[in-house]
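Participant: File follows, entry.pdb with PDB, C-alpha atoms:
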```
ATOM      1  CA  ALA A 132       0.000   0.000   0.000  1.00  0.00           C
ATOM      2  CA  GLN A 133       1.137   3.532  -0.632  1.00  0.00           C
ATOM      3  CA  THR A 134       0.556   6.520   1.602  1.00  0.00           C
ATOM      4  CA  VAL A 135       0.864  10.282   1.301  1.00  0.00           C
ATOM      5  CA  THR A 136       1.168  12.514   4.358  1.00  0.00           C
ATOM      6  CA  GLN A 137       0.801  16.263   4.602  1.00  0.00           C
ATOM      7  CA  SER A 138       1.737  17.301   8.106  1.00  0.00           C
ATOM      8  CA  GLN A 139       0.553  20.915   7.883  1.00  0.00           C
ATOM      9  CA  PRO A 140      -3.252  21.212   8.036  1.00  0.00           C
ATOM     10  CA  GLU A 141      -3.018  24.991   7.608  1.00  0.00           C
ATOM     11  CA  MET A 142      -0.399  27.469   6.446  1.00  0.00           C
ATOM     12  CA  SER A 143      -0.425  31.213   6.181  1.00  0.00           C
ATOM     13  CA  VAL A 144       1.688  33.517   4.026  1.00  0.00           C
ATOM     14  CA  GLN A 145       1.895  37.233   3.433  1.00  0.00           C
ATOM     15  CA  GLU A 146       1.135  38.386  -0.085  1.00  0.00           C
ATOM     16  CA  ALA A 147       4.308  38.518  -2.226  1.00  0.00           C
ATOM     17  CA  GLU A 148       6.188  36.274   0.196  1.00  0.00           C
ATOM     18  CA  THR A 149       7.300  32.662  -0.288  1.00  0.00           C
ATOM     19  CA  VAL A 150       5.758  29.620   1.370  1.00  0.00           C
ATOM     20  CA  THR A 151       6.654  25.921   1.340  1.00  0.00           C
ATOM     21  CA  LEU A 152       4.126  23.136   1.768  1.00  0.00           C
ATOM     22  CA  SER A 153       5.410  19.761   2.957  1.00  0.00           C
ATOM     23  CA  CYS A 154       4.590  16.285   1.710  1.00  0.00           C
ATOM     24  CA  THR A 155       6.050  12.894   2.460  1.00  0.00           C
ATOM     25  CA  TYR A 156       5.069   9.618   0.878  1.00  0.00           C
ATOM     26  CA  ASP A 157       5.711   5.935   0.971  1.00  0.00           C
ATOM     27  CA  THR A 158       5.608   3.466  -1.899  1.00  0.00           C
ATOM     28  CA  SER A 159       7.323   0.243  -2.831  1.00  0.00           C
ATOM     29  CA  GLU A 160       7.254   1.149  -6.525  1.00  0.00           C
ATOM     30  CA  SER A 161      10.398   2.364  -8.251  1.00  0.00           C
ATOM     31  CA  ASP A 162       8.637   4.358 -10.926  1.00  0.00           C
ATOM     32  CA  TYR A 163       5.893   6.787 -10.075  1.00  0.00           C
ATOM     33  CA  TYR A 164       4.742  10.354 -10.457  1.00  0.00           C
ATOM     34  CA  LEU A 165       4.056  12.949  -7.819  1.00  0.00           C
ATOM     35  CA  PHE A 166       1.564  15.775  -8.195  1.00  0.00           C
ATOM     36  CA  TRP A 167       0.398  18.858  -6.411  1.00  0.00           C
ATOM     37  CA  TYR A 168      -3.256  19.748  -6.951  1.00  0.00           C
ATOM     38  CA  LYS A 169      -4.975  22.950  -5.883  1.00  0.00           C
ATOM     39  CA  GLN A 170      -8.627  23.027  -4.789  1.00  0.00           C
ATOM     40  CA  PRO A 171     -10.029  26.576  -4.558  1.00  0.00           C
ATOM     41  CA  PRO A 172     -13.412  27.353  -2.968  1.00  0.00           C
ATOM     42  CA  SER A 173     -15.042  26.479  -6.289  1.00  0.00           C
ATOM     43  CA  ARG A 174     -14.079  22.878  -5.361  1.00  0.00           C
ATOM     44  CA  GLN A 175     -12.581  22.056  -8.766  1.00  0.00           C
ATOM     45  CA  MET A 176      -9.191  20.422  -8.385  1.00  0.00           C
ATOM     46  CA  ILE A 177      -6.540  21.873 -10.680  1.00  0.00           C
ATOM     47  CA  LEU A 178      -3.119  20.419 -11.400  1.00  0.00           C
ATOM     48  CA  VAL A 179      -0.333  22.714 -10.206  1.00  0.00           C
ATOM     49  CA  ILE A 180       2.791  20.720 -10.963  1.00  0.00           C
ATOM     50  CA  ARG A 181       3.998  17.156 -11.523  1.00  0.00           C
ATOM     51  CA  GLN A 182       7.304  15.331 -11.039  1.00  0.00           C
ATOM     52  CA  GLU A 183       8.511  11.984 -12.349  1.00  0.00           C
ATOM     53  CA  ALA A 184      10.425   9.940  -9.800  1.00  0.00           C
ATOM     54  CA  TYR A 185      13.215   9.143 -12.275  1.00  0.00           C
ATOM     55  CA  LYS A 186      13.979  12.780 -12.992  1.00  0.00           C
ATOM     56  CA  GLN A 187      16.481  14.343 -10.624  1.00  0.00           C
ATOM     57  CA  GLN A 188      15.767  17.872 -11.755  1.00  0.00           C
ATOM     58  CA  ASN A 189      13.048  19.543  -9.724  1.00  0.00           C
ATOM     59  CA  ALA A 190       9.964  20.581 -11.691  1.00  0.00           C
ATOM     60  CA  THR A 191       9.111  24.263 -12.042  1.00  0.00           C
ATOM     61  CA  GLU A 192       5.970  25.974 -13.303  1.00  0.00           C
ATOM     62  CA  ASN A 193       6.224  29.757 -13.144  1.00  0.00           C
ATOM     63  CA  ARG A 194       5.944  30.699  -9.423  1.00  0.00           C
ATOM     64  CA  PHE A 195       5.569  27.071  -8.352  1.00  0.00           C
ATOM     65  CA  SER A 196       8.492  24.728  -7.838  1.00  0.00           C
ATOM     66  CA  VAL A 197       9.120  21.489  -6.001  1.00  0.00           C
ATOM     67  CA  ASN A 198      11.903  20.117  -3.856  1.00  0.00           C
ATOM     68  CA  PHE A 199      11.943  16.404  -4.618  1.00  0.00           C
ATOM     69  CA  GLN A 200      14.096  14.295  -2.314  1.00  0.00           C
ATOM     70  CA  LYS A 201      13.628  10.720  -3.511  1.00  0.00           C
ATOM     71  CA  ALA A 202      15.712   9.022  -0.848  1.00  0.00           C
ATOM     72  CA  ALA A 203      13.845  10.850   1.882  1.00  0.00           C
ATOM     73  CA  LYS A 204      10.510  10.358   0.054  1.00  0.00           C
ATOM     74  CA  SER A 205       9.798  14.028   0.368  1.00  0.00           C
ATOM     75  CA  PHE A 206       8.041  16.260  -2.167  1.00  0.00           C
ATOM     76  CA  SER A 207       7.516  19.837  -1.013  1.00  0.00           C
ATOM     77  CA  LEU A 208       5.873  22.664  -2.969  1.00  0.00           C
ATOM     78  CA  LYS A 209       7.311  26.170  -2.941  1.00  0.00           C
ATOM     79  CA  ILE A 210       5.114  29.077  -3.965  1.00  0.00           C
ATOM     80  CA  SER A 211       7.017  32.275  -4.669  1.00  0.00           C
ATOM     81  CA  ASP A 212       5.550  35.776  -4.794  1.00  0.00           C
ATOM     82  CA  SER A 213       2.296  34.522  -3.247  1.00  0.00           C
ATOM     83  CA  GLN A 214      -0.907  36.029  -4.597  1.00  0.00           C
ATOM     84  CA  LEU A 215      -4.386  36.248  -3.125  1.00  0.00           C
ATOM     85  CA  GLY A 216      -5.578  33.805  -5.775  1.00  0.00           C
ATOM     86  CA  ASP A 217      -3.225  31.166  -4.400  1.00  0.00           C
ATOM     87  CA  ALA A 218      -5.461  30.749  -1.338  1.00  0.00           C
ATOM     88  CA  ALA A 219      -6.861  27.217  -1.550  1.00  0.00           C
ATOM     89  CA  MET A 220      -6.499  23.657  -0.338  1.00  0.00           C
ATOM     90  CA  TYR A 221      -3.372  22.020  -1.715  1.00  0.00           C
ATOM     91  CA  PHE A 222      -3.173  18.260  -2.107  1.00  0.00           C
ATOM     92  CA  CYS A 223      -0.090  16.186  -2.691  1.00  0.00           C
ATOM     93  CA  ALA A 224      -0.735  12.990  -4.653  1.00  0.00           C
ATOM     94  CA  LEU A 225       1.177   9.901  -5.712  1.00  0.00           C
ATOM     95  CA  ASN A 226       0.482   7.968  -8.890  1.00  0.00           C
ATOM     96  CA  ASN A 227       1.798   4.737 -10.258  1.00  0.00           C
ATOM     97  CA  ALA A 228       0.261   2.117 -12.494  1.00  0.00           C
ATOM     98  CA  GLY A 229      -3.329   2.660 -13.542  1.00  0.00           C
ATOM     99  CA  ASN A 230      -3.396   6.384 -12.875  1.00  0.00           C
ATOM    100  CA  MET A 231      -5.023   5.803  -9.482  1.00  0.00           C
ATOM    101  CA  LEU A 232      -4.056   8.761  -7.388  1.00  0.00           C
ATOM    102  CA  THR A 233      -3.342   8.443  -3.673  1.00  0.00           C
ATOM    103  CA  PHE A 234      -3.897  11.786  -2.003  1.00  0.00           C
ATOM    104  CA  GLY A 235      -2.631  13.368   1.179  1.00  0.00           C
ATOM    105  CA  GLY A 236      -4.969  15.014   3.652  1.00  0.00           C
ATOM    106  CA  GLY A 237      -4.406  18.497   2.253  1.00  0.00           C
ATOM    107  CA  THR A 238      -3.006  21.809   3.476  1.00  0.00           C
ATOM    108  CA  ARG A 239      -5.183  24.903   3.621  1.00  0.00           C
ATOM    109  CA  LEU A 240      -3.168  27.906   2.470  1.00  0.00           C
ATOM    110  CA  MET A 241      -4.272  31.364   3.526  1.00  0.00           C
ATOM    111  CA  VAL A 242      -2.785  34.445   1.888  1.00  0.00           C
ATOM    112  CA  LYS A 243      -2.800  37.680   3.871  1.00  0.00           C
ATOM    113  CA  PRO A 244      -3.018  40.959   1.960  1.00  0.00           C
TER     114      PRO A 244
ATOM    115  CA  GLU B 222     -18.451  24.414 -21.258  1.00  0.00           C
ATOM    116  CA  THR B 223     -16.027  23.285 -18.626  1.00  0.00           C
ATOM    117  CA  GLY B 224     -14.059  20.099 -19.289  1.00  0.00           C
ATOM    118  CA  VAL B 225     -15.741  17.934 -16.668  1.00  0.00           C
ATOM    119  CA  THR B 226     -19.271  18.750 -15.576  1.00  0.00           C
ATOM    120  CA  GLN B 227     -21.045  17.206 -12.615  1.00  0.00           C
ATOM    121  CA  THR B 228     -24.736  17.411 -11.766  1.00  0.00           C
ATOM    122  CA  PRO B 229     -26.304  18.126  -9.432  1.00  0.00           C
ATOM    123  CA  ARG B 230     -23.981  20.433  -7.489  1.00  0.00           C
ATOM    124  CA  HIS B 231     -25.849  19.744  -4.254  1.00  0.00           C
ATOM    125  CA  LEU B 232     -28.054  16.838  -3.231  1.00  0.00           C
ATOM    126  CA  VAL B 233     -29.926  16.065  -0.037  1.00  0.00           C
ATOM    127  CA  MET B 234     -31.432  12.611   0.201  1.00  0.00           C
ATOM    128  CA  GLY B 235     -33.032  10.403   2.768  1.00  0.00           C
ATOM    129  CA  MET B 236     -31.616   7.013   3.654  1.00  0.00           C
ATOM    130  CA  THR B 237     -34.370   5.225   1.741  1.00  0.00           C
ATOM    131  CA  ASN B 238     -34.091   7.298  -1.427  1.00  0.00           C
ATOM    132  CA  LYS B 239     -32.535   6.355  -4.731  1.00  0.00           C
ATOM    133  CA  LYS B 240     -30.645   9.030  -6.622  1.00  0.00           C
ATOM    134  CA  SER B 241     -27.960   9.282  -9.271  1.00  0.00           C
ATOM    135  CA  LEU B 242     -24.963  11.535  -9.738  1.00  0.00           C
ATOM    136  CA  LYS B 243     -23.979  12.418 -13.282  1.00  0.00           C
ATOM    137  CA  CYS B 244     -20.598  13.283 -14.744  1.00  0.00           C
ATOM    138  CA  GLU B 245     -19.887  14.343 -18.309  1.00  0.00           C
ATOM    139  CA  GLN B 246     -16.551  15.114 -19.897  1.00  0.00           C
ATOM    140  CA  HIS B 247     -16.000  17.019 -23.124  1.00  0.00           C
ATOM    141  CA  LEU B 248     -12.275  16.365 -23.414  1.00  0.00           C
ATOM    142  CA  GLY B 249     -12.245  13.184 -25.469  1.00  0.00           C
ATOM    143  CA  HIS B 250     -10.709  11.245 -22.595  1.00  0.00           C
ATOM    144  CA  ASN B 251     -10.780   7.476 -22.292  1.00  0.00           C
ATOM    145  CA  ALA B 252     -10.701   7.083 -18.505  1.00  0.00           C
ATOM    146  CA  MET B 253     -13.102   8.322 -15.839  1.00  0.00           C
ATOM    147  CA  TYR B 254     -13.036   8.147 -12.049  1.00  0.00           C
ATOM    148  CA  TRP B 255     -15.181   8.639  -8.967  1.00  0.00           C
ATOM    149  CA  TYR B 256     -13.522   9.994  -5.814  1.00  0.00           C
ATOM    150  CA  LYS B 257     -15.050  10.593  -2.379  1.00  0.00           C
ATOM    151  CA  GLN B 258     -13.882  13.594  -0.358  1.00  0.00           C
ATOM    152  CA  SER B 259     -14.971  13.465   3.274  1.00  0.00           C
ATOM    153  CA  ALA B 260     -14.243  16.064   5.900  1.00  0.00           C
ATOM    154  CA  LYS B 261     -10.866  15.523   7.564  1.00  0.00           C
ATOM    155  CA  LYS B 262     -10.002  12.534   5.357  1.00  0.00           C
ATOM    156  CA  PRO B 263      -7.916  12.258   2.189  1.00  0.00           C
ATOM    157  CA  LEU B 264      -9.665  11.830  -1.122  1.00  0.00           C
ATOM    158  CA  GLU B 265     -10.552   8.201  -1.666  1.00  0.00           C
ATOM    159  CA  LEU B 266     -10.669   6.567  -5.076  1.00  0.00           C
ATOM    160  CA  MET B 267     -13.935   4.678  -5.522  1.00  0.00           C
ATOM    161  CA  PHE B 268     -14.138   3.519  -9.127  1.00  0.00           C
ATOM    162  CA  VAL B 269     -12.077   3.646 -12.296  1.00  0.00           C
ATOM    163  CA  TYR B 270     -13.326   3.113 -15.811  1.00  0.00           C
ATOM    164  CA  SER B 271     -11.062   2.792 -18.820  1.00  0.00           C
ATOM    165  CA  LEU B 272     -12.612   2.585 -22.270  1.00  0.00           C
ATOM    166  CA  GLU B 273     -15.985   2.094 -20.570  1.00  0.00           C
ATOM    167  CA  GLU B 274     -14.837  -0.975 -18.637  1.00  0.00           C
ATOM    168  CA  ARG B 275     -14.452  -0.936 -14.878  1.00  0.00           C
ATOM    169  CA  VAL B 276     -10.834  -1.577 -13.969  1.00  0.00           C
ATOM    170  CA  GLU B 277     -10.891  -0.844 -10.265  1.00  0.00           C
ATOM    171  CA  ASN B 278     -13.481  -1.124  -7.530  1.00  0.00           C
ATOM    172  CA  ASN B 279     -11.802   0.013  -4.382  1.00  0.00           C
ATOM    173  CA  SER B 280     -13.826  -2.018  -1.875  1.00  0.00           C
ATOM    174  CA  VAL B 281     -16.791   0.306  -2.126  1.00  0.00           C
ATOM    175  CA  PRO B 282     -20.099  -0.760  -0.515  1.00  0.00           C
ATOM    176  CA  SER B 283     -22.707  -2.082  -2.917  1.00  0.00           C
ATOM    177  CA  ARG B 284     -25.046   0.808  -2.090  1.00  0.00           C
ATOM    178  CA  PHE B 285     -22.856   2.742  -4.566  1.00  0.00           C
ATOM    179  CA  SER B 286     -23.285   1.478  -8.121  1.00  0.00           C
ATOM    180  CA  PRO B 287     -21.342   3.043 -11.004  1.00  0.00           C
ATOM    181  CA  GLU B 288     -22.351   3.048 -14.636  1.00  0.00           C
ATOM    182  CA  CYS B 289     -20.334   4.132 -17.655  1.00  0.00           C
ATOM    183  CA  PRO B 290     -22.533   3.935 -20.774  1.00  0.00           C
ATOM    184  CA  ASN B 291     -19.917   5.583 -22.999  1.00  0.00           C
ATOM    185  CA  SER B 292     -16.540   7.258 -22.675  1.00  0.00           C
ATOM    186  CA  SER B 293     -18.095  10.689 -22.091  1.00  0.00           C
ATOM    187  CA  HIS B 294     -20.538   9.848 -19.318  1.00  0.00           C
ATOM    188  CA  LEU B 295     -20.236   8.377 -15.861  1.00  0.00           C
ATOM    189  CA  PHE B 296     -22.970   7.863 -13.302  1.00  0.00           C
ATOM    190  CA  LEU B 297     -22.986   6.950  -9.647  1.00  0.00           C
ATOM    191  CA  HIS B 298     -26.270   5.384  -8.559  1.00  0.00           C
ATOM    192  CA  LEU B 299     -27.050   5.706  -4.873  1.00  0.00           C
ATOM    193  CA  HIS B 300     -29.504   3.693  -2.781  1.00  0.00           C
ATOM    194  CA  THR B 301     -30.090   3.141   0.938  1.00  0.00           C
ATOM    195  CA  LEU B 302     -27.199   5.368   1.893  1.00  0.00           C
ATOM    196  CA  GLN B 303     -26.021   6.043   5.433  1.00  0.00           C
ATOM    197  CA  PRO B 304     -25.332   9.437   7.055  1.00  0.00           C
ATOM    198  CA  GLU B 305     -21.590   8.697   6.955  1.00  0.00           C
ATOM    199  CA  ASP B 306     -21.841   8.674   3.155  1.00  0.00           C
ATOM    200  CA  SER B 307     -22.337  12.441   3.253  1.00  0.00           C
ATOM    201  CA  ALA B 308     -19.371  13.896   1.389  1.00  0.00           C
ATOM    202  CA  LEU B 309     -18.209  15.683  -1.728  1.00  0.00           C
ATOM    203  CA  TYR B 310     -18.175  13.287  -4.669  1.00  0.00           C
ATOM    204  CA  LEU B 311     -15.693  14.235  -7.346  1.00  0.00           C
ATOM    205  CA  CYS B 312     -15.586  12.943 -10.873  1.00  0.00           C
ATOM    206  CA  ALA B 313     -12.381  13.060 -12.894  1.00  0.00           C
ATOM    207  CA  SER B 314     -11.240  12.076 -16.357  1.00  0.00           C
ATOM    208  CA  SER B 315      -7.884  11.531 -18.016  1.00  0.00           C
ATOM    209  CA  GLN B 316      -6.655  10.778 -21.506  1.00  0.00           C
ATOM    210  CA  ASP B 317      -5.564   7.314 -20.443  1.00  0.00           C
ATOM    211  CA  THR B 318      -4.523   5.462 -17.316  1.00  0.00           C
ATOM    212  CA  PHE B 319      -0.781   5.978 -17.619  1.00  0.00           C
ATOM    213  CA  MET B 320       0.780   7.240 -14.444  1.00  0.00           C
ATOM    214  CA  ASN B 321       1.943  10.559 -15.840  1.00  0.00           C
ATOM    215  CA  THR B 322      -1.440  11.574 -17.177  1.00  0.00           C
ATOM    216  CA  GLU B 323      -3.106  14.629 -15.690  1.00  0.00           C
ATOM    217  CA  ALA B 324      -6.533  14.064 -14.169  1.00  0.00           C
ATOM    218  CA  PHE B 325      -9.155  16.733 -14.817  1.00  0.00           C
ATOM    219  CA  PHE B 326     -11.751  17.126 -12.096  1.00  0.00           C
ATOM    220  CA  GLY B 327     -15.308  18.346 -11.982  1.00  0.00           C
ATOM    221  CA  GLN B 328     -16.624  20.668  -9.279  1.00  0.00           C
ATOM    222  CA  GLY B 329     -18.182  17.834  -7.369  1.00  0.00           C
ATOM    223  CA  THR B 330     -21.587  16.992  -5.956  1.00  0.00           C
ATOM    224  CA  ARG B 331     -22.059  17.858  -2.287  1.00  0.00           C
ATOM    225  CA  LEU B 332     -24.159  14.997  -0.933  1.00  0.00           C
ATOM    226  CA  THR B 333     -25.963  15.125   2.379  1.00  0.00           C
ATOM    227  CA  VAL B 334     -27.715  12.014   3.651  1.00  0.00           C
ATOM    228  CA  VAL B 335     -30.387  12.682   6.269  1.00  0.00           C
TER     229      VAL B 335
END
```
Starting from the coordinates I provided, produce the structure as structure tokens.
Facilitator:
Amino acid sequence: AQTVTQSQPEMSVQEAETVTLSCTYDTSESDYYLFWYKQPPSRQMILVIRQEAYKQQNATENRFSVNFQKAAKSFSLKISDSQLGDAAMYFCALNNAGNMLTFGGGTRLMVKP
Amino acid sequence: ETGVTQTPRHLVMGMTNKKSLKCEQHLGHNAMYWYKQSAKKPLELMFVYSLEERVENNSVPSRFSPECPNSSHLFLHLHTLQPEDSALYLCASSQDTFMNTEAFFGQGTRLTVV
């Protein structure tokens, strides 16, 4: 069985500042993908960023980047220059065969103006 | 139209009722999923369909019955539910079931069982 753990139920960041959301996971698979999804109040989950386990280079998408530490099974999300629209629930997810996502419990991010 | 559309957005039903949740995707995807999102619990995968065939049933009680009549539509039929089944039910679709494929989600149906 695989598990995903997000140890921070809530985080807060000042607008324009940087925040890091933590995620750890456990899997016996050697090949897998990791994702961060954002769920705003509209409830629709949106993909933020994805990382393949075999790639050593950390993924980056504009203001969003990850710190992937495979040996430590850690996959944190860094949001730079935080904006009010970044306020949402953020879910870390693990995916291997069959595209069946295993999600963490989520982190609620609040952005202060 | 949004990529994945779920109806209704909200549903209140009694424990003896029968209702259905509907999901429609306009993305030409071949795989569709039902997830359950309960308060204070991680999202749980319920069912997976690939090319209209069920490929995963994640130990879901029989009071939940999925139906996938074609690759664009997915239903979740509900009967004799329990109050603990109250949750947000999310539908998702993806191009295929490869592990790197992005899942696109609908806005969910907020179900309350009374």
Participant: Considering all atoms listed in the file, state which residue in the set B:Val335, B:Met320, B:Leu264, B:Met253 is at the smallest distance from Asn226 (chain A).
Facilitator: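 Looking only at the distances to Asn226 (chain A), the closest residue turns out to be B:Met320.
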Participant: Give me, as an NGL selection string, all polymer residues having an atom no more than 7 Å from Asn251 (chain B), counting all atoms listed in the file and skipping those fewer than 2 positions away in the same chain.
Facilitator: :B and (249 or 253 or 271-272 or 292 or 315-317)
Participant: Please tabulate, as JSON lines, the residues of chain A that come within 12 Å of chain B, each with its closest pair of atoms and the distance in Å to one decimal, counting all atoms listed in the file and ordering rows by chain, then residue number upward.
Facilitator:
```
{"residue": "A:Thr134", "atom": "CA", "partner": "B:Pro263", "partner_atom": "CA", "distance": 10.2}
{"residue": "A:Val135", "atom": "CA", "partner": "B:Pro263", "partner_atom": "CA", "distance": 9.0}
{"residue": "A:Thr136", "atom": "CA", "partner": "B:Pro263", "partner_atom": "CA", "distance": 9.3}
{"residue": "A:Gln137", "atom": "CA", "partner": "B:Pro263", "partner_atom": "CA", "distance": 9.9}
{"residue": "A:Pro140", "atom": "CA", "partner": "B:Lys261", "partner_atom": "CA", "distance": 9.5}
{"residue": "A:Glu160", "atom": "CA", "partner": "B:Met320", "partner_atom": "CA", "distance": 11.9}
{"residue": "A:Asp162", "atom": "CA", "partner": "B:Met320", "partner_atom": "CA", "distance": 9.1}
{"residue": "A:Tyr163", "atom": "CA", "partner": "B:Met320", "partner_atom": "CA", "distance": 6.7}
{"residue": "A:Tyr164", "atom": "CA", "partner": "B:Asn321", "partner_atom": "CA", "distance": 6.1}
{"residue": "A:Leu165", "atom": "CA", "partner": "B:Asn321", "partner_atom": "CA", "distance": 8.6}
{"residue": "A:Phe166", "atom": "CA", "partner": "B:Glu323", "partner_atom": "CA", "distance": 8.9}
{"residue": "A:Trp167", "atom": "CA", "partner": "B:Glu323", "partner_atom": "CA", "distance": 10.8}
{"residue": "A:Tyr168", "atom": "CA", "partner": "B:Ala324", "partner_atom": "CA", "distance": 9.8}
{"residue": "A:Lys169", "atom": "CA", "partner": "B:Phe326", "partner_atom": "CA", "distance": 10.9}
{"residue": "A:Gln170", "atom": "CA", "partner": "B:Gln328", "partner_atom": "CA", "distance": 9.5}
{"residue": "A:Pro171", "atom": "CA", "partner": "B:Gln328", "partner_atom": "CA", "distance": 10.0}
{"residue": "A:Pro172", "atom": "CA", "partner": "B:Gln328", "partner_atom": "CA", "distance": 9.7}
{"residue": "A:Ser173", "atom": "CA", "partner": "B:Gln328", "partner_atom": "CA", "distance": 6.7}
{"residue": "A:Arg174", "atom": "CA", "partner": "B:Gln328", "partner_atom": "CA", "distance": 5.2}
{"residue": "A:Gln175", "atom": "CA", "partner": "B:Gln328", "partner_atom": "CA", "distance": 4.3}
{"residue": "A:Met176", "atom": "CA", "partner": "B:Phe326", "partner_atom": "CA", "distance": 5.6}
{"residue": "A:Ile177", "atom": "CA", "partner": "B:Phe325", "partner_atom": "CA", "distance": 7.1}
{"residue": "A:Leu178", "atom": "CA", "partner": "B:Glu323", "partner_atom": "CA", "distance": 7.2}
{"residue": "A:Val179", "atom": "CA", "partner": "B:Glu323", "partner_atom": "CA", "distance": 10.2}
{"residue": "A:Ile180", "atom": "CA", "partner": "B:Glu323", "partner_atom": "CA", "distance": 9.7}
{"residue": "A:Arg181", "atom": "CA", "partner": "B:Asn321", "partner_atom": "CA", "distance": 8.1}
{"residue": "A:Gln182", "atom": "CA", "partner": "B:Asn321", "partner_atom": "CA", "distance": 8.6}
{"residue": "A:Glu183", "atom": "CA", "partner": "B:Asn321", "partner_atom": "CA", "distance": 7.6}
{"residue": "A:Ala184", "atom": "CA", "partner": "B:Asn321", "partner_atom": "CA", "distance": 10.4}
{"residue": "A:Tyr185", "atom": "CA", "partner": "B:Asn321", "partner_atom": "CA", "distance": 11.9}
{"residue": "A:Met220", "atom": "CA", "partner": "B:Pro263", "partner_atom": "CA", "distance": 11.8}
{"residue": "A:Tyr221", "atom": "CA", "partner": "B:Pro263", "partner_atom": "CA", "distance": 11.5}
{"residue": "A:Phe222", "atom": "CA", "partner": "B:Pro263", "partner_atom": "CA", "distance": 8.8}
{"residue": "A:Cys223", "atom": "CA", "partner": "B:Pro263", "partner_atom": "CA", "distance": 10.0}
{"residue": "A:Ala224", "atom": "CA", "partner": "B:Leu264", "partner_atom": "CA", "distance": 9.7}
{"residue": "A:Leu225", "atom": "CA", "partner": "B:Met320", "partner_atom": "CA", "distance": 9.1}
{"residue": "A:Asn226", "atom": "CA", "partner": "B:Met320", "partner_atom": "CA", "distance": 5.6}
{"residue": "A:Asn227", "atom": "CA", "partner": "B:Met320", "partner_atom": "CA", "distance": 5.0}
{"residue": "A:Ala228", "atom": "CA", "partner": "B:Met320", "partner_atom": "CA", "distance": 5.5}
{"residue": "A:Gly229", "atom": "CA", "partner": "B:Thr318", "partner_atom": "CA", "distance": 4.8}
{"residue": "A:Asn230", "atom": "CA", "partner": "B:Met320", "partner_atom": "CA", "distance": 4.5}
{"residue": "A:Met231", "atom": "CA", "partner": "B:Leu266", "partner_atom": "CA", "distance": 7.2}
{"residue": "A:Leu232", "atom": "CA", "partner": "B:Leu266", "partner_atom": "CA", "distance": 7.3}
{"residue": "A:Thr233", "atom": "CA", "partner": "B:Glu265", "partner_atom": "CA", "distance": 7.5}
{"residue": "A:Phe234", "atom": "CA", "partner": "B:Pro263", "partner_atom": "CA", "distance": 5.8}
{"residue": "A:Gly235", "atom": "CA", "partner": "B:Pro263", "partner_atom": "CA", "distance": 5.5}
{"residue": "A:Gly236", "atom": "CA", "partner": "B:Pro263", "partner_atom": "CA", "distance": 4.3}
{"residue": "A:Gly237", "atom": "CA", "partner": "B:Pro263", "partner_atom": "CA", "distance": 7.2}
{"residue": "A:Thr238", "atom": "CA", "partner": "B:Pro263", "partner_atom": "CA", "distance": 10.8}
{"residue": "A:Arg239", "atom": "CA", "partner": "B:Lys261", "partner_atom": "CA", "distance": 11.7}
```
Participant: Name the closest residue to Thr151 (chain A) among the candidates A:Ser211, A:Gln133, A:Asn189, A:Lys201; distances are taken between atoms, counting only C-alpha atoms.
Facilitator: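 Nearest to Thr151 (chain A): A:Ser211.
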Participant: Name the residues that the PyMOL selection byres ((chain B and resi 231-236) around 12) picks from the file above, as a PDB file with C-alpha atoms, in the coordinates of the input, using the file's chain letters and numbers.
Facilitator:
```
ATOM      1  CA  GLN B 227     -21.045  17.206 -12.615  1.00  0.00           C
ATOM      2  CA  THR B 228     -24.736  17.411 -11.766  1.00  0.00           C
ATOM      3  CA  PRO B 229     -26.304  18.126  -9.432  1.00  0.00           C
ATOM      4  CA  ARG B 230     -23.981  20.433  -7.489  1.00  0.00           C
ATOM      5  CA  THR B 237     -34.370   5.225   1.741  1.00  0.00           C
ATOM      6  CA  ASN B 238     -34.091   7.298  -1.427  1.00  0.00           C
ATOM      7  CA  LYS B 239     -32.535   6.355  -4.731  1.00  0.00           C
ATOM      8  CA  LYS B 240     -30.645   9.030  -6.622  1.00  0.00           C
ATOM      9  CA  SER B 241     -27.960   9.282  -9.271  1.00  0.00           C
ATOM     10  CA  LEU B 242     -24.963  11.535  -9.738  1.00  0.00           C
ATOM     11  CA  LYS B 243     -23.979  12.418 -13.282  1.00  0.00           C
ATOM     12  CA  ARG B 284     -25.046   0.808  -2.090  1.00  0.00           C
ATOM     13  CA  LEU B 299     -27.050   5.706  -4.873  1.00  0.00           C
ATOM     14  CA  HIS B 300     -29.504   3.693  -2.781  1.00  0.00           C
ATOM     15  CA  THR B 301     -30.090   3.141   0.938  1.00  0.00           C
ATOM     16  CA  LEU B 302     -27.199   5.368   1.893  1.00  0.00           C
ATOM     17  CA  GLN B 303     -26.021   6.043   5.433  1.00  0.00           C
ATOM     18  CA  PRO B 304     -25.332   9.437   7.055  1.00  0.00           C
ATOM     19  CA  GLU B 305     -21.590   8.697   6.955  1.00  0.00           C
ATOM     20  CA  ASP B 306     -21.841   8.674   3.155  1.00  0.00           C
ATOM     21  CA  SER B 307     -22.337  12.441   3.253  1.00  0.00           C
ATOM     22  CA  ALA B 308     -19.371  13.896   1.389  1.00  0.00           C
ATOM     23  CA  LEU B 309     -18.209  15.683  -1.728  1.00  0.00           C
ATOM     24  CA  TYR B 310     -18.175  13.287  -4.669  1.00  0.00           C
ATOM     25  CA  LEU B 311     -15.693  14.235  -7.346  1.00  0.00           C
ATOM     26  CA  GLN B 328     -16.624  20.668  -9.279  1.00  0.00           C
ATOM     27  CA  GLY B 329     -18.182  17.834  -7.369  1.00  0.00           C
ATOM     28  CA  THR B 330     -21.587  16.992  -5.956  1.00  0.00           C
ATOM     29  CA  ARG B 331     -22.059  17.858  -2.287  1.00  0.00           C
ATOM     30  CA  LEU B 332     -24.159  14.997  -0.933  1.00  0.00           C
ATOM     31  CA  THR B 333     -25.963  15.125   2.379  1.00  0.00           C
ATOM     32  CA  VAL B 334     -27.715  12.014   3.651  1.00  0.00           C
ATOM     33  CA  VAL B 335     -30.387  12.682   6.269  1.00  0.00           C
TER      34      VAL B 335
END
```
